[in-house]
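Q: Pasting structure-v7.cif below, which is mmCIF, C-alpha atoms.
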data_query
loop_
_atom_site.label_atom_id
_atom_site.label_comp_id
_atom_site.auth_asym_id
_atom_site.auth_seq_id
_atom_site.Cartn_x
_atom_site.Cartn_y
_atom_site.Cartn_z
CA MET I 2 71.53 -86.03 -142.70
CA ASN I 3 69.02 -84.84 -140.10
CA ARG I 4 68.11 -87.15 -137.21
CA TYR I 5 64.38 -86.78 -137.87
CA VAL I 6 64.21 -86.61 -141.66
CA GLY I 7 66.48 -89.08 -143.41
CA GLU I 8 67.03 -90.07 -147.01
CA LYS I 9 63.77 -90.75 -148.81
CA SER I 10 61.69 -89.80 -145.77
CA ARG I 11 58.05 -88.84 -146.32
CA VAL I 12 57.00 -85.70 -144.46
CA LEU I 13 53.27 -84.98 -144.07
CA PHE I 14 51.79 -81.59 -143.11
CA GLN I 15 48.28 -81.62 -141.66
CA GLY I 16 45.97 -78.87 -140.46
CA ASP I 17 43.48 -76.24 -141.55
CA SER I 18 43.66 -73.25 -143.91
CA ILE I 19 46.97 -72.11 -142.43
CA THR I 20 48.51 -75.34 -143.69
CA ASP I 21 46.29 -75.71 -146.77
CA CYS I 22 47.14 -72.24 -148.10
CA GLY I 23 45.68 -72.79 -151.56
CA ARG I 24 47.12 -76.21 -152.32
CA SER I 25 45.80 -78.03 -155.39
CA ARG I 26 43.18 -80.72 -154.86
CA THR I 27 44.13 -82.44 -158.12
CA ASP I 28 47.92 -82.48 -157.67
CA GLY I 29 48.81 -84.48 -154.57
CA ASN I 30 52.35 -83.13 -154.64
CA ASP I 31 51.34 -79.48 -154.53
CA LEU I 32 52.32 -77.86 -151.24
CA GLY I 33 50.33 -74.64 -151.53
CA GLU I 34 51.83 -71.22 -150.93
CA GLY I 35 52.43 -71.33 -147.18
CA TYR I 36 54.86 -72.71 -144.65
CA PRO I 37 54.92 -76.33 -145.99
CA ALA I 38 56.28 -75.12 -149.34
CA ARG I 39 58.78 -72.89 -147.58
CA ILE I 40 59.93 -75.73 -145.34
CA ALA I 41 60.43 -78.01 -148.35
CA GLY I 42 62.50 -75.32 -150.04
CA LEU I 43 64.60 -74.68 -146.96
CA TRP I 44 65.13 -78.40 -146.46
CA GLN I 45 66.34 -78.93 -150.00
CA ASN I 46 68.81 -76.10 -149.52
CA LEU I 47 70.04 -77.56 -146.24
CA PHE I 48 70.14 -81.17 -147.46
CA PRO I 49 70.37 -81.18 -151.26
CA GLY I 50 69.72 -84.52 -152.83
CA SER I 51 68.21 -85.98 -149.66
CA GLY I 52 65.31 -87.49 -151.56
CA ALA I 53 62.84 -86.46 -148.86
CA THR I 54 59.22 -86.09 -150.02
CA PHE I 55 56.95 -83.39 -148.62
CA LEU I 56 53.16 -83.72 -148.73
CA ASN I 57 50.45 -81.25 -147.71
CA ARG I 58 46.97 -82.46 -146.79
CA GLY I 59 45.76 -79.43 -144.85
CA VAL I 60 42.08 -78.60 -145.41
CA SER I 61 40.70 -75.11 -144.97
CA GLY I 62 38.10 -74.90 -142.21
CA ASP I 63 39.11 -78.12 -140.48
CA ARG I 64 38.83 -78.66 -136.76
CA ALA I 65 40.47 -81.45 -134.77
CA LYS I 66 37.40 -83.63 -135.35
CA ASN I 67 37.85 -83.32 -139.13
CA LEU I 68 41.45 -84.51 -138.98
CA LEU I 69 40.20 -87.52 -137.08
CA GLU I 70 37.45 -88.14 -139.67
CA ARG I 71 39.94 -88.25 -142.53
CA TYR I 72 42.56 -90.19 -140.60
CA ASP I 73 42.50 -93.36 -142.74
CA ALA I 74 42.90 -91.62 -146.11
CA ASP I 75 45.02 -88.62 -145.19
CA PHE I 76 47.24 -89.99 -142.43
CA LYS I 77 47.41 -93.79 -142.25
CA ALA I 78 47.31 -94.52 -145.98
CA LEU I 79 50.14 -92.08 -146.72
CA LYS I 80 52.52 -93.83 -144.30
CA PRO I 81 54.55 -90.74 -143.35
CA ASP I 82 57.87 -90.97 -141.59
CA LEU I 83 57.12 -87.61 -140.01
CA VAL I 84 53.75 -85.93 -139.51
CA SER I 85 53.47 -82.25 -138.60
CA ILE I 86 50.13 -81.08 -137.19
CA LEU I 87 48.78 -77.56 -136.66
CA ILE I 88 45.11 -77.57 -135.63
CA GLY I 89 42.86 -75.68 -133.24
CA ILE I 90 41.99 -72.17 -134.40
CA ASN I 91 38.75 -73.29 -136.07
CA ASP I 92 37.75 -75.11 -132.90
CA THR I 93 37.65 -71.58 -131.48
CA TRP I 94 36.53 -69.60 -134.55
CA ARG I 95 33.28 -71.53 -135.14
CA ARG I 96 32.07 -70.45 -131.70
CA TYR I 97 32.16 -66.82 -132.78
CA ASP I 98 31.12 -66.92 -136.42
CA SER I 99 28.68 -69.86 -136.43
CA ASN I 100 27.56 -70.34 -132.82
CA ASP I 101 29.10 -73.81 -133.05
CA PRO I 102 31.54 -74.06 -130.15
CA THR I 103 33.97 -76.87 -129.45
CA SER I 104 34.71 -77.36 -125.78
CA VAL I 105 38.31 -77.71 -124.70
CA GLU I 106 37.45 -81.23 -123.53
CA THR I 107 36.14 -82.20 -126.97
CA TYR I 108 39.13 -80.61 -128.72
CA GLU I 109 41.49 -82.49 -126.44
CA LYS I 110 39.61 -85.78 -126.87
CA ASN I 111 39.59 -85.59 -130.67
CA TYR I 112 43.25 -84.56 -130.84
CA ARG I 113 44.24 -87.26 -128.36
CA THR I 114 42.42 -89.95 -130.34
CA LEU I 115 44.19 -88.83 -133.51
CA LEU I 116 47.58 -89.02 -131.81
CA GLU I 117 46.79 -92.39 -130.24
CA ASN I 118 45.87 -93.71 -133.68
CA LEU I 119 49.16 -92.46 -135.09
CA LYS I 120 51.14 -94.09 -132.30
CA ARG I 121 49.27 -97.36 -132.87
CA ASP I 122 49.37 -97.50 -136.66
CA LEU I 123 52.61 -95.65 -137.40
CA PRO I 124 54.73 -96.26 -134.30
CA ARG I 125 57.97 -95.18 -135.96
CA ALA I 126 56.63 -91.90 -137.30
CA VAL I 127 58.03 -88.71 -135.81
CA ILE I 128 55.26 -86.43 -134.55
CA VAL I 129 55.61 -82.64 -134.67
CA ILE I 130 52.95 -80.57 -132.92
CA ILE I 131 52.66 -76.86 -133.68
CA GLU I 132 50.43 -75.14 -131.15
CA PRO I 133 47.53 -73.00 -132.47
CA PHE I 134 48.07 -69.26 -132.30
CA LEU I 135 46.35 -65.89 -132.47
CA LEU I 136 48.06 -62.58 -133.13
CA ASN I 137 46.73 -59.23 -131.90
CA SER I 138 46.20 -57.88 -135.40
CA ASP I 139 42.40 -57.61 -135.20
CA PRO I 140 40.97 -56.05 -131.99
CA ALA I 141 37.63 -57.77 -132.63
CA LYS I 142 39.27 -61.15 -132.04
CA ALA I 143 40.72 -60.26 -128.63
CA LEU I 144 37.85 -62.00 -126.85
CA TRP I 145 38.74 -65.24 -128.64
CA ARG I 146 41.53 -65.67 -126.12
CA GLU I 147 39.11 -66.92 -123.47
CA ASP I 148 38.31 -69.86 -125.75
CA LEU I 149 41.67 -70.41 -127.46
CA ASP I 150 44.08 -70.21 -124.53
CA PRO I 151 42.75 -73.36 -122.81
CA LYS I 152 43.05 -75.18 -126.14
CA ILE I 153 46.66 -74.03 -126.45
CA GLN I 154 47.29 -75.48 -123.01
CA ALA I 155 45.63 -78.74 -124.12
CA ALA I 156 47.88 -78.89 -127.20
CA ARG I 157 50.90 -78.35 -124.98
CA GLN I 158 49.88 -81.19 -122.68
CA LEU I 159 49.33 -83.49 -125.65
CA ALA I 160 52.75 -82.52 -126.97
CA LYS I 161 54.30 -83.61 -123.68
CA GLU I 162 52.64 -86.99 -124.05
CA PHE I 163 52.90 -87.69 -127.76
CA ALA I 164 55.20 -85.32 -129.65
CA ASP I 165 58.81 -85.83 -130.57
CA ILE I 166 59.03 -82.11 -131.35
CA PHE I 167 56.87 -79.25 -130.10
CA ILE I 168 56.80 -75.78 -131.66
CA PRO I 169 55.18 -73.18 -129.33
CA MET I 170 54.00 -70.96 -132.18
CA ASP I 171 51.71 -68.72 -130.13
CA GLY I 172 54.61 -67.85 -127.86
CA ILE I 173 57.03 -67.53 -130.76
CA PHE I 174 54.84 -64.99 -132.55
CA ALA I 175 54.51 -63.08 -129.28
CA ARG I 176 58.30 -63.04 -128.98
CA TYR I 177 58.65 -61.58 -132.47
CA ALA I 178 56.04 -58.93 -131.63
CA VAL I 179 57.80 -57.96 -128.40
CA GLY I 180 61.00 -57.77 -130.42
CA GLY I 181 59.49 -55.07 -132.61
CA LEU I 182 57.92 -56.84 -135.58
CA ARG I 183 54.39 -55.56 -136.16
CA GLU I 184 51.76 -58.23 -135.70
CA THR I 185 49.94 -57.05 -138.81
CA ASP I 186 53.13 -57.81 -140.75
CA MET I 187 52.89 -61.42 -139.55
CA SER I 188 49.11 -61.82 -139.97
CA ALA I 189 46.64 -59.24 -141.23
CA ASP I 190 43.66 -60.88 -139.51
CA GLY I 191 45.44 -62.47 -136.56
CA VAL I 192 44.86 -66.01 -137.88
CA HIS I 193 46.18 -66.41 -141.42
CA PRO I 194 49.89 -65.69 -141.74
CA THR I 195 51.24 -63.26 -144.28
CA PRO I 196 54.26 -64.37 -146.34
CA CYS I 197 56.33 -63.03 -143.46
CA GLY I 198 54.34 -65.11 -140.96
CA HIS I 199 54.64 -68.26 -143.04
CA GLY I 200 58.36 -67.61 -143.29
CA ILE I 201 58.60 -67.45 -139.50
CA ILE I 202 56.74 -70.74 -139.07
CA ALA I 203 58.98 -72.40 -141.66
CA ALA I 204 62.18 -71.08 -140.12
CA GLU I 205 61.15 -72.16 -136.61
CA TRP I 206 60.10 -75.60 -137.87
CA VAL I 207 63.40 -76.22 -139.61
CA LYS I 208 65.29 -74.85 -136.63
CA ALA I 209 63.45 -77.19 -134.27
CA LEU I 210 64.25 -80.26 -136.34
CA ASP I 211 67.81 -79.24 -137.10
CA ILE I 212 68.62 -78.63 -133.46
CA GLY I 213 66.63 -81.68 -132.48
CA PHE I 214 64.99 -80.40 -129.31
CA SER I 215 61.95 -82.18 -127.97
CA ALA I 216 58.86 -80.77 -126.28
CA PRO I 217 60.05 -78.50 -123.46
CA ALA I 218 58.69 -78.50 -119.95
CA LEU I 219 55.83 -76.02 -119.92
#
Turn the structure described in the file into structure tokens.
A:
Amino acid sequence: MNRYVGEKSRVLFQGDSITDCGRSRTDGNDLGEGYPARIAGLWQNLFPGSGATFLNRGVSGDRAKNLLERYDADFKALKPDLVSILIGINDTWRRYDSNDPTSVETYEKNYRTLLENLKRDLPRAVIVIIEPFLLNSDPAKALWREDLDPKIQAARQLAKEFADIFIPMDGIFARYAVGGLRETDMSADGVHPTPCGHGIIAAEWVKALDIGFSAPAL
């Protein structure tokens, strides 16, 4: 069995639309069509009969503050043994589409409070942090980097402090692009992964847990 996900473990995925990916709001066991469903499938193939339960509570449009607002119902009450969090792109996006910016300090404060709550209320839960990412699929979003990159650095610092496992997804997607995979094949708009992009996230997530590496020095 895996060192992080044991028999009958409860795994919780949290985030925004990238995690949500069309999940049902009436079926609490529905994982949507993105990387959480792919991870669950990969895990069952790797560890058949493990009895692990996978839950998705990602909400499209969420920012770090929204995860904090729904902490009691969608984190604490579910009592996960492992919680995987991917949040941050909307903290950038709302600056450009709604003139509603989130400063890096506010993003970091909200995320930190969420993680402190998890450590306090669920001290035995494994925490996985996936850093937010942006692919160069849409030239119009290139200027978002000035806002997003400091938030990626904040997520990396928080991972050093709180995470058992860190997945540097922005860097990973860049590595695939340098290796020859077209960024539009991984995400048509630079934000929402294609099936290929979700497959990459899932594979890297399972790889990280299977190998058991912790947050690297950044």
Q: In file coordinates, which residues lie within 9 Å of (45.2, -73.9, -140.0) using all atoms listed in the file, given as a ChimeraX atom specification?
A: /I:15-22,59-64,87-91,133,192-193
Q: Check the smallest atom-to-atom distance from each of I:Leu43, I:Cys197, I:Leu56, I:Ala175 to Asn30 in chain I using all atoms listed in the file, then report the winner.
A: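 Looking at the shortest contact to Asn30 in chain I, the residue is I:Leu56.
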Q: Grab the CA of Ser138 in chain I to CA of Arg24 in chain I distance for me, in Å with one decimal place.
A: 25.0 Å
Q: Do you have the CA of Tyr36 in chain I-CA of Asn67 in chain I distance handy?
A: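 These two atoms are separated by 20.8 Å.
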Q: Selection in question (the file shown): the PyMOL selection byres ((chain I and resi 37) around 10). Which residues does it include, as an NGL selection string?
A: :I and (12-15 or 19-22 or 31-36 or 38-43 or 55-57 or 59 or 85 or 199-200 or 202-203 or 206)
Q: For Asn137 in chain I, which residue out of I:Ala155, I:Leu116, I:Met170, I:Ala178 is the nearest one, using only C-alpha atoms?
A: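 Once distances to Asn137 in chain I are computed over only C-alpha atoms, the minimum belongs to I:Ala178.
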Q: If we count only C-alpha atoms and set the cut-off at 9 Å, which residues sit around Glu184 in chain I, ignoring sequence neighbours fewer than 2 positions away in its own chain? Please answer as a ChimeraX atom specification.
A: /I:136-138,174-175,177-178,181-182,186-189,191
Q: What's around Leu123 in chain I at 9 Å? Count only C-alpha atoms, leave out sequence neighbours fewer than 4 positions away in its own chain, and write the answer as a PyMOL selection string.
A: chain I and resi 77+80-82+118-119+127
Q: If you count all atoms listed in the file, which residues fall within 12 Å of Phe163 in chain I, apart from same-chain ones fewer than 4 positions away, as JSON, numbers by chain?
A: {"I": [84, 86, 112, 113, 114, 115, 116, 117, 118, 119, 120, 121, 124, 126, 127, 128, 129, 130, 156, 157, 158, 159, 167, 215, 216]}
Q: Go ahead and dump the residues you just picked, C-alpha atoms, as a PDB file, in the frame of the given file.
A:
ATOM      1  CA  VAL I  84      53.750 -85.930-139.510  1.00  0.00           C
ATOM      2  CA  ILE I  86      50.130 -81.080-137.190  1.00  0.00           C
ATOM      3  CA  TYR I 112      43.250 -84.560-130.840  1.00  0.00           C
ATOM      4  CA  ARG I 113      44.240 -87.260-128.360  1.00  0.00           C
ATOM      5  CA  THR I 114      42.420 -89.950-130.340  1.00  0.00           C
ATOM      6  CA  LEU I 115      44.190 -88.830-133.510  1.00  0.00           C
ATOM      7  CA  LEU I 116      47.580 -89.020-131.810  1.00  0.00           C
ATOM      8  CA  GLU I 117      46.790 -92.390-130.240  1.00  0.00           C
ATOM      9  CA  ASN I 118      45.870 -93.710-133.680  1.00  0.00           C
ATOM     10  CA  LEU I 119      49.160 -92.460-135.090  1.00  0.00           C
ATOM     11  CA  LYS I 120      51.140 -94.090-132.300  1.00  0.00           C
ATOM     12  CA  ARG I 121      49.270 -97.360-132.870  1.00  0.00           C
ATOM     13  CA  PRO I 124      54.730 -96.260-134.300  1.00  0.00           C
ATOM     14  CA  ALA I 126      56.630 -91.900-137.300  1.00  0.00           C
ATOM     15  CA  VAL I 127      58.030 -88.710-135.810  1.00  0.00           C
ATOM     16  CA  ILE I 128      55.260 -86.430-134.550  1.00  0.00           C
ATOM     17  CA  VAL I 129      55.610 -82.640-134.670  1.00  0.00           C
ATOM     18  CA  ILE I 130      52.950 -80.570-132.920  1.00  0.00           C
ATOM     19  CA  ALA I 156      47.880 -78.890-127.200  1.00  0.00           C
ATOM     20  CA  ARG I 157      50.900 -78.350-124.980  1.00  0.00           C
ATOM     21  CA  GLN I 158      49.880 -81.190-122.680  1.00  0.00           C
ATOM     22  CA  LEU I 159      49.330 -83.490-125.650  1.00  0.00           C
ATOM     23  CA  PHE I 167      56.870 -79.250-130.100  1.00  0.00           C
ATOM     24  CA  SER I 215      61.950 -82.180-127.970  1.00  0.00           C
ATOM     25  CA  ALA I 216      58.860 -80.770-126.280  1.00  0.00           C
TER      26      ALA I 216
END
Q: In Å, how far is it from CA of Arg183 in chain I to CA of Glu132 in chain I?
A: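 So the answer is 20.6 Å.
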Q: For the PyMOL selection byres ((chain I and resi 147) around 12), applied here, can you spell out every residue it catches as a PyMOL selection string?
A: chain I and resi 93-94+96-97+104-105+135+142-146+148-154
Q: Considering all atoms listed in the file, can you say which of I:Lys66, I:Lys208, I:Arg11, I:Arg26 comes closest to Tyr108 in chain I?
A: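 Closest to Tyr108 in chain I of all the choices is I:Lys66.
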Q: Please provide as a list in words all residues within 7 Å of Ala53 in chain I, with the sequence filter that same-chain residues fewer than 3 positions apart are discarded (counting only C-alpha atoms).
A: Glu8, Lys9, Ser10 and Arg11 of chain I
Q: I need the residue nearest Asp92 in chain I from this list: I:Leu47, I:Leu68, I:Val6, I:Ala78. Use all atoms listed in the file for the distance.
A: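 Among the listed residues, the smallest separation from Asp92 in chain I belongs to I:Leu68.
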Q: So, counting all atoms listed in the file, which residue among I:Gly7, I:Pro196, I:Gly29, I:Gly172 is closest to Gly50 in chain I?
A: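 Among I:Gly7, I:Pro196, I:Gly29, I:Gly172, it is I:Gly7 that comes nearest to Gly50 in chain I.
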Q: Between I:Glu205, I:Ala65, I:Asp190, I:Pro49, single out the one closest to Thr107 in chain I, counting all atoms listed in the file.
A: I:Ala65
Q: Can you tell me, as a PyMOL selection string, which residues sit within 9 Å of (64.8, -79.3, -136.8) in the file's frame, using all atoms listed in the file?
A: chain I and resi 3-6+166+205-214
